[in-house]
>>> print(open('run_20.txt').read())   # compact mmCIF, C-alpha atoms and all ligand atoms
# COMPACT_ATOMS: atom_id res chain seq x y z
CA MET A 1174 -23.52 27.29 18.17
CA ILE A 1175 -22.80 25.80 21.54
CA LEU A 1176 -19.26 24.55 22.00
CA LYS A 1177 -19.04 21.62 24.30
CA VAL A 1178 -15.86 21.71 26.32
CA GLN A 1179 -14.50 18.48 27.65
CA GLY A 1180 -14.59 18.98 31.38
CA ASN A 1181 -13.26 15.80 32.84
CA HIS A 1182 -9.60 15.63 31.94
CA MET A 1183 -9.07 12.76 34.33
CA SER A 1184 -10.98 10.40 32.08
CA SER A 1185 -8.35 8.57 30.07
CA LEU A 1186 -10.90 7.67 27.38
CA GLU A 1187 -11.71 11.26 26.60
CA SER A 1188 -8.53 13.12 27.43
CA HIS A 1189 -6.68 15.21 24.91
CA TYR A 1190 -3.05 16.23 24.65
CA PRO A 1191 -1.60 19.42 23.21
CA LEU A 1192 -0.53 19.08 19.58
CA SER A 1193 3.19 19.27 20.31
CA ASP A 1194 4.86 17.82 17.23
CA PHE A 1195 3.26 19.99 14.53
CA ILE A 1196 5.92 21.93 12.64
CA GLU A 1197 5.03 25.23 11.00
CA TYR A 1198 7.22 26.20 8.07
CA PRO A 1199 7.60 29.72 6.73
CA ALA A 1200 5.38 30.22 3.63
CA GLU A 1201 8.31 30.02 1.22
CA GLU A 1202 9.60 26.86 2.77
CA MET A 1203 6.10 25.38 2.68
CA SER A 1204 5.91 26.02 -1.07
CA ALA A 1205 9.37 24.59 -1.62
CA ARG A 1206 8.55 21.48 0.40
CA ALA A 1207 5.31 20.88 -1.50
CA GLU A 1208 7.19 21.19 -4.80
CA GLN A 1209 10.03 18.94 -3.62
CA ASN A 1210 7.64 16.29 -2.40
CA TYR A 1211 5.87 16.29 -5.75
CA GLN A 1212 9.21 15.99 -7.57
CA GLN A 1213 10.18 13.05 -5.36
CA LEU A 1214 6.88 11.25 -5.59
CA LYS A 1215 6.63 11.56 -9.35
CA ARG A 1216 9.79 9.44 -9.54
CA ARG A 1217 7.87 6.49 -8.07
CA HIS A 1218 7.07 4.04 -10.83
CA SER A 1219 5.59 0.58 -10.72
CA ILE A 1220 8.22 -1.76 -12.08
CA ARG A 1221 8.11 -5.46 -12.84
CA GLN A 1222 11.81 -6.25 -13.08
CA PHE A 1223 13.31 -6.57 -9.62
CA SER A 1224 16.85 -7.45 -8.59
CA HIS A 1225 17.74 -10.20 -6.13
CA ARG A 1226 19.70 -7.66 -4.06
CA PRO A 1227 18.82 -7.97 -0.39
CA VAL A 1228 17.13 -5.19 1.55
CA ALA A 1229 17.56 -4.95 5.32
CA LYS A 1230 14.59 -6.04 7.39
CA GLU A 1231 14.85 -2.89 9.51
CA VAL A 1232 14.05 -0.77 6.44
CA ILE A 1233 10.87 -2.74 5.82
CA GLU A 1234 10.01 -2.55 9.52
CA ASN A 1235 10.25 1.23 9.55
CA CYS A 1236 8.22 1.54 6.34
CA ILE A 1237 5.49 -0.59 7.94
CA ARG A 1238 5.69 1.57 11.08
CA ALA A 1239 5.14 4.59 8.81
CA ALA A 1240 2.12 2.89 7.20
CA GLY A 1241 0.76 2.21 10.68
CA THR A 1242 0.59 5.96 11.39
CA ALA A 1243 -2.20 6.35 8.82
CA PRO A 1244 -5.52 7.77 9.99
CA SER A 1245 -8.26 5.17 10.33
CA GLY A 1246 -11.93 4.85 11.24
CA ALA A 1247 -12.26 5.33 15.02
CA ASN A 1248 -8.47 4.76 15.15
CA HIS A 1249 -9.08 1.01 14.92
CA GLN A 1250 -6.10 0.61 12.53
CA PRO A 1251 -7.81 -2.19 10.63
CA TRP A 1252 -4.72 -3.47 8.86
CA HIS A 1253 -2.13 -6.19 9.12
CA PHE A 1254 1.06 -6.38 7.08
CA VAL A 1255 2.76 -9.70 6.37
CA ALA A 1256 6.32 -9.05 5.15
CA ILE A 1257 7.66 -12.09 3.33
CA HIS A 1258 11.34 -12.69 2.71
CA ASN A 1259 11.25 -16.50 2.90
CA SER A 1260 12.00 -17.99 -0.55
CA GLN A 1261 9.70 -20.97 -0.10
CA VAL A 1262 6.74 -18.78 0.82
CA LYS A 1263 7.49 -16.38 -2.03
CA GLY A 1264 7.55 -19.43 -4.33
CA GLN A 1265 4.11 -20.52 -3.08
CA ILE A 1266 2.73 -17.03 -3.69
CA ARG A 1267 4.19 -16.92 -7.18
CA GLN A 1268 2.74 -20.30 -8.07
CA ALA A 1269 -0.74 -19.48 -6.78
CA ALA A 1270 -0.75 -16.00 -8.36
CA GLU A 1271 0.44 -17.29 -11.74
CA GLU A 1272 -2.26 -19.97 -11.83
CA LEU A 1273 -4.94 -17.34 -11.26
CA GLU A 1274 -3.37 -14.91 -13.70
CA GLN A 1275 -3.29 -17.58 -16.39
CA SER A 1276 -7.06 -17.93 -16.36
CA PHE A 1277 -7.40 -14.15 -16.03
CA TYR A 1278 -5.33 -13.49 -19.15
CA GLN A 1279 -6.91 -16.40 -20.99
CA GLY A 1280 -10.31 -14.74 -20.83
CA ARG A 1281 -11.69 -14.46 -17.30
CA ALA A 1282 -10.78 -10.75 -17.32
CA GLY A 1283 -13.04 -10.05 -20.30
CA GLN A 1284 -12.11 -8.27 -23.53
CA GLU A 1285 -12.39 -4.69 -22.28
CA TRP A 1286 -10.08 -5.27 -19.30
CA LEU A 1287 -7.52 -7.13 -21.40
CA GLU A 1288 -7.54 -4.26 -23.94
CA ALA A 1289 -6.97 -1.76 -21.11
CA LEU A 1290 -3.95 -3.77 -19.90
CA LYS A 1291 -2.32 -4.13 -23.33
CA PRO A 1292 -0.25 -0.92 -23.09
CA LEU A 1293 1.26 -2.17 -19.83
CA GLY A 1294 2.48 -5.37 -21.47
CA THR A 1295 1.63 -7.46 -18.41
CA ASP A 1296 1.04 -11.20 -18.59
CA ALA A 1297 0.60 -14.20 -16.31
CA ASP A 1298 4.34 -14.60 -15.73
CA LYS A 1299 5.30 -13.16 -12.34
CA PRO A 1300 8.98 -14.02 -11.70
CA TYR A 1301 9.35 -10.91 -9.54
CA LEU A 1302 7.15 -12.54 -6.88
CA GLU A 1303 10.12 -14.83 -6.15
CA LYS A 1304 12.98 -12.61 -7.14
CA ALA A 1305 12.23 -9.41 -5.20
CA PRO A 1306 13.62 -9.55 -1.66
CA TRP A 1307 10.33 -8.59 0.02
CA LEU A 1308 6.64 -9.08 -0.62
CA ILE A 1309 4.30 -7.25 1.71
CA ALA A 1310 0.79 -8.67 1.85
CA VAL A 1311 -1.64 -6.08 3.20
CA PHE A 1312 -4.70 -7.44 4.99
CA ALA A 1313 -7.86 -5.51 5.88
CA LYS A 1314 -9.47 -6.40 9.19
CA LYS A 1315 -13.25 -6.33 9.28
CA LYS A 1316 -13.30 -6.76 13.03
CA GLY A 1317 -11.08 -6.33 16.05
CA GLY A 1318 -11.08 -2.68 17.10
CA LEU A 1319 -8.02 -1.11 18.67
CA ASN A 1320 -7.30 -4.13 20.86
CA ASN A 1321 -7.61 -6.82 18.18
CA ASP A 1322 -10.24 -8.63 20.22
CA GLY A 1323 -11.82 -10.18 17.16
CA GLU A 1324 -15.36 -8.98 17.83
CA GLN A 1325 -15.47 -5.19 17.69
CA THR A 1326 -16.59 -3.77 14.34
CA ASN A 1327 -14.07 -1.77 12.33
CA TYR A 1328 -15.22 1.24 10.32
CA TYR A 1329 -14.24 2.63 6.92
CA VAL A 1330 -11.97 -0.36 6.51
CA HIS A 1331 -11.27 0.08 2.79
CA GLU A 1332 -10.60 3.78 3.12
CA SER A 1333 -8.31 3.24 6.12
CA VAL A 1334 -6.32 0.39 4.58
CA GLY A 1335 -6.07 2.31 1.28
CA ILE A 1336 -4.51 5.27 3.09
CA ALA A 1337 -2.11 3.01 5.03
CA THR A 1338 -1.10 1.29 1.79
CA GLY A 1339 -0.43 4.71 0.24
CA PHE A 1340 1.72 5.65 3.21
CA LEU A 1341 3.60 2.34 2.82
CA LEU A 1342 4.29 2.95 -0.87
CA GLN A 1343 5.49 6.47 -0.09
CA ALA A 1344 7.72 5.22 2.73
CA LEU A 1345 9.30 2.50 0.58
CA HIS A 1346 9.90 4.96 -2.23
CA ASN A 1347 11.35 7.52 0.15
CA ALA A 1348 13.71 4.86 1.52
CA GLY A 1349 15.00 4.28 -2.02
CA LEU A 1350 13.12 1.13 -2.95
CA ALA A 1351 11.11 0.36 -6.05
CA THR A 1352 7.54 -0.88 -5.64
CA LEU A 1353 4.80 -2.69 -7.47
CA THR A 1354 1.18 -2.98 -6.36
CA HIS A 1355 -0.05 -6.41 -7.31
CA THR A 1356 -3.65 -7.55 -7.05
CA PRO A 1357 -4.06 -11.11 -8.29
CA LYS A 1358 -7.78 -11.82 -8.55
CA PRO A 1359 -9.07 -13.41 -6.37
CA MET A 1360 -6.46 -12.85 -3.68
CA SER A 1361 -7.93 -15.18 -1.06
CA PHE A 1362 -5.01 -17.65 -1.45
CA LEU A 1363 -2.88 -15.15 0.46
CA THR A 1364 -4.89 -15.71 3.63
CA GLY A 1365 -3.83 -19.36 3.95
CA ILE A 1366 -0.25 -18.87 2.79
CA CYS A 1367 0.23 -15.99 5.24
CA GLY A 1368 -1.53 -17.81 8.08
CA ARG A 1369 -4.24 -15.19 8.59
CA ASP A 1370 -7.78 -15.71 9.93
CA SER A 1371 -10.33 -15.53 7.09
CA ASP A 1372 -13.16 -14.75 9.56
CA VAL A 1373 -11.53 -11.46 10.45
CA GLU A 1374 -9.27 -10.42 7.57
CA ARG A 1375 -9.31 -10.09 3.79
CA PRO A 1376 -6.23 -9.70 1.62
CA TYR A 1377 -6.18 -6.15 0.27
CA MET A 1378 -3.05 -5.88 -1.85
CA LEU A 1379 0.36 -7.41 -2.39
CA ILE A 1380 3.27 -4.99 -2.54
CA VAL A 1381 6.47 -6.09 -4.20
CA THR A 1382 9.56 -4.16 -3.17
CA GLY A 1383 13.30 -4.18 -3.65
CA TYR A 1384 15.90 -2.72 -5.99
CA PRO A 1385 15.09 -2.50 -9.70
CA ASP A 1386 16.94 -4.99 -11.87
CA THR A 1387 19.52 -3.57 -14.26
CA GLY A 1388 17.66 -2.50 -17.37
CA ALA A 1389 14.29 -2.28 -15.58
CA THR A 1390 11.70 -0.48 -17.71
CA ILE A 1391 8.48 1.49 -17.22
CA PRO A 1392 5.66 1.15 -19.75
CA ALA A 1393 5.34 4.44 -21.69
CA HIS A 1394 1.60 4.27 -20.95
CA ALA A 1395 2.30 4.59 -17.22
CA LEU A 1396 4.06 7.92 -17.74
CA ASN A 1397 0.84 9.53 -19.03
CA LYS A 1398 -0.21 11.27 -15.87
CA LYS A 1399 -3.33 13.42 -15.86
CA THR A 1400 -2.67 17.14 -15.45
CA LEU A 1401 -3.71 19.15 -12.42
CA ASP A 1402 -6.61 20.56 -14.46
CA ASP A 1403 -7.74 17.04 -15.24
CA ILE A 1404 -7.70 15.86 -11.65
CA ALA A 1405 -8.59 18.94 -9.63
CA THR A 1406 -11.13 21.74 -9.41
CA PHE A 1407 -10.53 24.75 -7.22
CA ILE A 1408 -13.50 26.62 -5.84
CA GLU A 1409 -12.06 29.89 -4.52
N1 LIG B 1 -3.43 -8.63 -11.73
C1 LIG B 1 -3.00 -8.80 -13.11
C2 LIG B 1 -3.69 -7.89 -14.06
C3 LIG B 1 -3.50 -6.44 -13.87
C4 LIG B 1 -4.59 -5.67 -13.61
C5 LIG B 1 -4.48 -4.32 -13.52
I1 LIG B 1 -6.15 -3.21 -13.25
C6 LIG B 1 -3.23 -3.70 -13.68
O1 LIG B 1 -3.12 -2.31 -13.57
C7 LIG B 1 -2.12 -4.47 -13.96
C8 LIG B 1 -2.26 -5.84 -14.03
C9 LIG B 1 -1.47 -8.71 -13.21
O2 LIG B 1 -0.82 -8.34 -12.25
O3 LIG B 1 -0.94 -9.03 -14.26
>>> encode(input="run_20.txt", output="structure tokens", more="lines below")
Ligand code: IYR
Amino acid sequence: MILKVQGNHMSSLESHYPLSDFIEYPAEEMSARAEQNYQQLKRRHSIRQFSHRPVAKEVIENCIRAAGTAPSGANHQPWHFVAIHNSQVKGQIRQAAEELEQSFYQGRAGQEWLEALKPLGTDADKPYLEKAPWLIAVFAKKKGGLNNDGEQTNYYVHESVGIATGFLLQALHNAGLATLTHTPKPMSFLTGICGRDSDVERPYMLIVTGYPDTGATIPAHALNKKTLDDIATFIE
């Protein structure tokens, strides 16, 4: 195999830097950290009863910064996050989402889907869309490249935005906030309400975040997590 070495380090487009912020942990610490992270992350539950309690904007900003560190196709970072605290806008989102959910639950979903949702106990009523202090609408950008020029193609957009959304959920949880992923179908109403350009972006997911309300519950069904054997195969 021929290894091609980058010769021209003056070219800013192709230059590389030393990996200077990687931290190596001793093997024991690595194992402990992996276990601790699992223990922390398994305490993240989707909840649907949020408190009115405010959450500082700077917390949301840093969680979005964390999401923005996600890997992405050609590093185009094809995402945009709209963080909504404004009560009027949250009210508009609730109204639009509930209208769609009503037809969804009245039959548009189809019998099989409605059966699958029964153990979660969800319905068309979405008071948390107004009550939670923050809604974060995640948009996926089809075009724009690194410089958001509106024309350059973005690559692996769904994969990239999915990873960034995962980072966001992890960051919010780590900060001590509860989360809910909400995907009203169709979600296109979010584009107008959030003032985004429908030629370039599609709504990907709505994340509800804040403190849980007193007495918040988790559906028992949601605690049934597949085991490692169910979800993984090791080829050693
Ligand atoms: N978007 C609807 C329905 C819904 C769909 C799935 I898949 C869920 O895991 C949960 C809910 C709602 O939010 O009620």
>>> residues_near_point(input="run_20.txt", point="(-4.9, -14.7, 5.9)", cutoff="10 Å", atoms="all atoms listed in the file", output="JSON, numbers by chain")
{"A": [1253, 1255, 1310, 1311, 1312, 1313, 1360, 1361, 1362, 1363, 1364, 1365, 1366, 1367, 1368, 1369, 1370, 1371, 1372, 1373, 1374, 1375, 1376]}
>>> residues_near_ligand(input="run_20.txt", ligand="ligand LIG 1 (chain B)", cutoff="7 Å", atoms="all atoms listed in the file", output="VMD selection string")
chain A and resid 1274 1290 1295 to 1297 1355 to 1358
>>> write_last_selection(input="run_20.txt", atoms="C-alpha atoms", output="PDB file, in the frame of the given file")
ATOM      1  CA  GLU A1274      -3.370 -14.910 -13.700  1.00  0.00           C
ATOM      2  CA  LEU A1290      -3.950  -3.770 -19.900  1.00  0.00           C
ATOM      3  CA  THR A1295       1.630  -7.460 -18.410  1.00  0.00           C
ATOM      4  CA  ASP A1296       1.040 -11.200 -18.590  1.00  0.00           C
ATOM      5  CA  ALA A1297       0.600 -14.200 -16.310  1.00  0.00           C
ATOM      6  CA  HIS A1355      -0.050  -6.410  -7.310  1.00  0.00           C
ATOM      7  CA  THR A1356      -3.650  -7.550  -7.050  1.00  0.00           C
ATOM      8  CA  PRO A1357      -4.060 -11.110  -8.290  1.00  0.00           C
ATOM      9  CA  LYS A1358      -7.780 -11.820  -8.550  1.00  0.00           C
TER      10      LYS A1358
END
>>> closest_residue(input="run_20.txt", among="A:Cys1236, A:Ala1305, A:Leu1342, A:Ala1393", to="Lys1291 (chain A)", atoms="only C-alpha atoms")
A:Ala1393
>>> closest_residue(input="run_20.txt", among="A:His1225, A:His1331, A:His1249, A:Arg1206", to="Glu1303 (chain A)", atoms="all atoms listed in the file")
A:His1225
>>> atom_distance(input="run_20.txt", atom1="CA of Gln1213 (chain A)", atom2="CA of Asn1397 (chain A)")
16.9 Å
>>> closest_residue(input="run_20.txt", among="A:Phe1195, A:Tyr1190, A:Arg1221, A:Gln1275", to="Thr1382 (chain A)", atoms="only C-alpha atoms")
A:Arg1221
>>> atom_distance(input="run_20.txt", atom1="CA of Thr1406 (chain A)", atom2="CA of Thr1352 (chain A)")
29.6 Å
>>> atom_distance(input="run_20.txt", atom1="CA of Ala1207 (chain A)", atom2="CA of Thr1390 (chain A)")
27.6 Å
>>> closest_residue(input="run_20.txt", among="A:Ile1404, A:Leu1353, A:Ala1337, A:Ile1309", to="Gln1222 (chain A)", atoms="all atoms listed in the file")
A:Leu1353
>>> residues_near_point(input="run_20.txt", point="(9.5, -17.9, -0.2)", cutoff="10 Å", atoms="only C-alpha atoms", output="PyMOL selection string")
chain A and resi 1257-1267+1302-1304+1306-1308
>>> closest_residue(input="run_20.txt", among="A:Asn1248, A:Pro1300, A:Arg1238, A:Gln1284", to="Gln1268 (chain A)", atoms="only C-alpha atoms")
A:Pro1300
>>> closest_residue(input="run_20.txt", among="A:Lys1398, A:Arg1226, A:Lys1314, A:Lys1299", to="Ala1270 (chain A)", atoms="all atoms listed in the file")
A:Lys1299
>>> decode(input="run_20.txt", residues="region 1210-1223 of chain A", atoms="all heavy atoms", output="short mmCIF file (atom, residue, chain, number, x, y, z; two decimals), in the first residue's frame")
data_model
loop_
_atom_site.label_atom_id
_atom_site.label_comp_id
_atom_site.auth_asym_id
_atom_site.auth_seq_id
_atom_site.Cartn_x
_atom_site.Cartn_y
_atom_site.Cartn_z
N ASN A 1210 -20.79 6.45 32.68
CA ASN A 1210 -21.55 7.13 31.62
C ASN A 1210 -22.84 6.36 31.33
O ASN A 1210 -23.90 6.96 31.13
CB ASN A 1210 -20.71 7.26 30.36
CG ASN A 1210 -21.43 8.07 29.30
OD1 ASN A 1210 -21.81 9.22 29.55
ND2 ASN A 1210 -21.67 7.47 28.15
N TYR A 1211 -22.73 5.04 31.30
CA TYR A 1211 -23.92 4.22 31.10
C TYR A 1211 -24.93 4.45 32.23
O TYR A 1211 -26.13 4.68 31.98
CB TYR A 1211 -23.51 2.74 31.00
CG TYR A 1211 -24.66 1.77 31.14
CD1 TYR A 1211 -25.81 1.90 30.35
CD2 TYR A 1211 -24.60 0.73 32.07
CE1 TYR A 1211 -26.87 1.01 30.49
CE2 TYR A 1211 -25.65 -0.15 32.21
CZ TYR A 1211 -26.78 0.00 31.43
OH TYR A 1211 -27.82 -0.87 31.59
N GLN A 1212 -24.42 4.46 33.46
CA GLN A 1212 -25.33 4.66 34.61
C GLN A 1212 -26.01 6.04 34.54
O GLN A 1212 -27.16 6.18 34.93
CB GLN A 1212 -24.57 4.51 35.95
CG GLN A 1212 -24.06 3.10 36.23
CD GLN A 1212 -25.17 2.05 36.25
OE1 GLN A 1212 -26.33 2.35 36.55
NE2 GLN A 1212 -24.82 0.81 35.91
N GLN A 1213 -25.28 7.03 34.06
CA GLN A 1213 -25.88 8.37 33.95
C GLN A 1213 -26.91 8.42 32.83
O GLN A 1213 -27.99 8.96 33.00
CB GLN A 1213 -24.78 9.42 33.66
CG GLN A 1213 -23.86 9.69 34.84
CD GLN A 1213 -24.62 10.03 36.11
OE1 GLN A 1213 -25.51 10.88 36.10
NE2 GLN A 1213 -24.28 9.37 37.20
N LEU A 1214 -26.54 7.83 31.70
CA LEU A 1214 -27.40 7.96 30.52
C LEU A 1214 -28.68 7.13 30.67
O LEU A 1214 -29.72 7.50 30.12
CB LEU A 1214 -26.62 7.54 29.27
CG LEU A 1214 -26.86 8.34 28.00
CD1 LEU A 1214 -26.95 9.84 28.25
CD2 LEU A 1214 -25.76 8.05 26.99
N LYS A 1215 -28.60 6.03 31.44
CA LYS A 1215 -29.81 5.23 31.59
C LYS A 1215 -30.83 5.91 32.51
O LYS A 1215 -31.97 5.47 32.60
CB LYS A 1215 -29.50 3.78 32.01
CG LYS A 1215 -29.13 3.56 33.45
CD LYS A 1215 -28.47 2.19 33.60
CE LYS A 1215 -29.43 1.15 34.10
NZ LYS A 1215 -29.19 0.80 35.52
N ARG A 1216 -30.42 7.02 33.13
CA ARG A 1216 -31.38 7.81 33.91
C ARG A 1216 -32.11 8.85 33.05
O ARG A 1216 -32.90 9.62 33.56
CB ARG A 1216 -30.68 8.55 35.06
CG ARG A 1216 -30.11 7.67 36.14
CD ARG A 1216 -29.66 8.48 37.36
NE ARG A 1216 -28.66 9.48 37.01
CZ ARG A 1216 -28.92 10.77 36.79
NH1 ARG A 1216 -30.14 11.24 36.88
NH2 ARG A 1216 -27.94 11.60 36.47
N ARG A 1217 -31.78 8.89 31.75
CA ARG A 1217 -32.53 9.81 30.86
C ARG A 1217 -33.82 9.13 30.44
O ARG A 1217 -33.81 8.02 29.94
CB ARG A 1217 -31.73 10.19 29.61
CG ARG A 1217 -32.30 11.43 28.91
CD ARG A 1217 -32.16 11.35 27.40
NE ARG A 1217 -32.99 10.30 26.86
CZ ARG A 1217 -34.30 10.46 26.54
NH1 ARG A 1217 -34.91 11.61 26.70
NH2 ARG A 1217 -35.00 9.43 26.07
N HIS A 1218 -34.92 9.79 30.71
CA HIS A 1218 -36.22 9.25 30.33
C HIS A 1218 -37.01 10.33 29.61
O HIS A 1218 -36.95 11.50 30.00
CB HIS A 1218 -37.02 8.80 31.56
CG HIS A 1218 -36.26 7.87 32.44
ND1 HIS A 1218 -35.97 6.57 32.07
CD2 HIS A 1218 -35.69 8.04 33.67
CE1 HIS A 1218 -35.28 5.98 33.04
NE2 HIS A 1218 -35.09 6.86 34.02
N SER A 1219 -37.74 9.93 28.60
CA SER A 1219 -38.66 10.88 27.97
C SER A 1219 -39.83 11.08 28.92
O SER A 1219 -40.46 10.11 29.34
CB SER A 1219 -39.16 10.32 26.64
OG SER A 1219 -38.10 10.29 25.71
N ILE A 1220 -40.09 12.33 29.25
CA ILE A 1220 -41.23 12.62 30.12
C ILE A 1220 -42.18 13.57 29.39
O ILE A 1220 -41.79 14.24 28.43
CB ILE A 1220 -40.82 13.23 31.47
CG1 ILE A 1220 -40.11 14.57 31.26
CG2 ILE A 1220 -39.97 12.28 32.28
CD1 ILE A 1220 -40.33 15.53 32.41
N ARG A 1221 -43.41 13.59 29.85
CA ARG A 1221 -44.42 14.44 29.21
C ARG A 1221 -45.09 15.38 30.20
O ARG A 1221 -46.09 16.01 29.88
CB ARG A 1221 -45.45 13.57 28.47
CG ARG A 1221 -44.81 12.84 27.30
CD ARG A 1221 -45.71 11.84 26.61
NE ARG A 1221 -45.02 11.24 25.46
CZ ARG A 1221 -44.15 10.23 25.54
NH1 ARG A 1221 -43.84 9.70 26.71
NH2 ARG A 1221 -43.57 9.77 24.45
N GLN A 1222 -44.55 15.43 31.41
CA GLN A 1222 -45.07 16.37 32.40
C GLN A 1222 -43.92 17.28 32.82
O GLN A 1222 -43.02 16.87 33.56
CB GLN A 1222 -45.63 15.62 33.62
CG GLN A 1222 -46.86 14.80 33.27
CD GLN A 1222 -46.69 13.34 33.67
OE1 GLN A 1222 -45.62 12.76 33.55
NE2 GLN A 1222 -47.77 12.76 34.18
N PHE A 1223 -43.93 18.48 32.28
CA PHE A 1223 -42.86 19.44 32.56
C PHE A 1223 -43.35 20.52 33.50
O PHE A 1223 -44.54 20.89 33.50
CB PHE A 1223 -42.38 20.09 31.25
CG PHE A 1223 -41.50 19.19 30.44
CD1 PHE A 1223 -42.04 18.29 29.54
CD2 PHE A 1223 -40.11 19.25 30.58
CE1 PHE A 1223 -41.22 17.45 28.79
CE2 PHE A 1223 -39.28 18.42 29.84
CZ PHE A 1223 -39.85 17.52 28.93
#
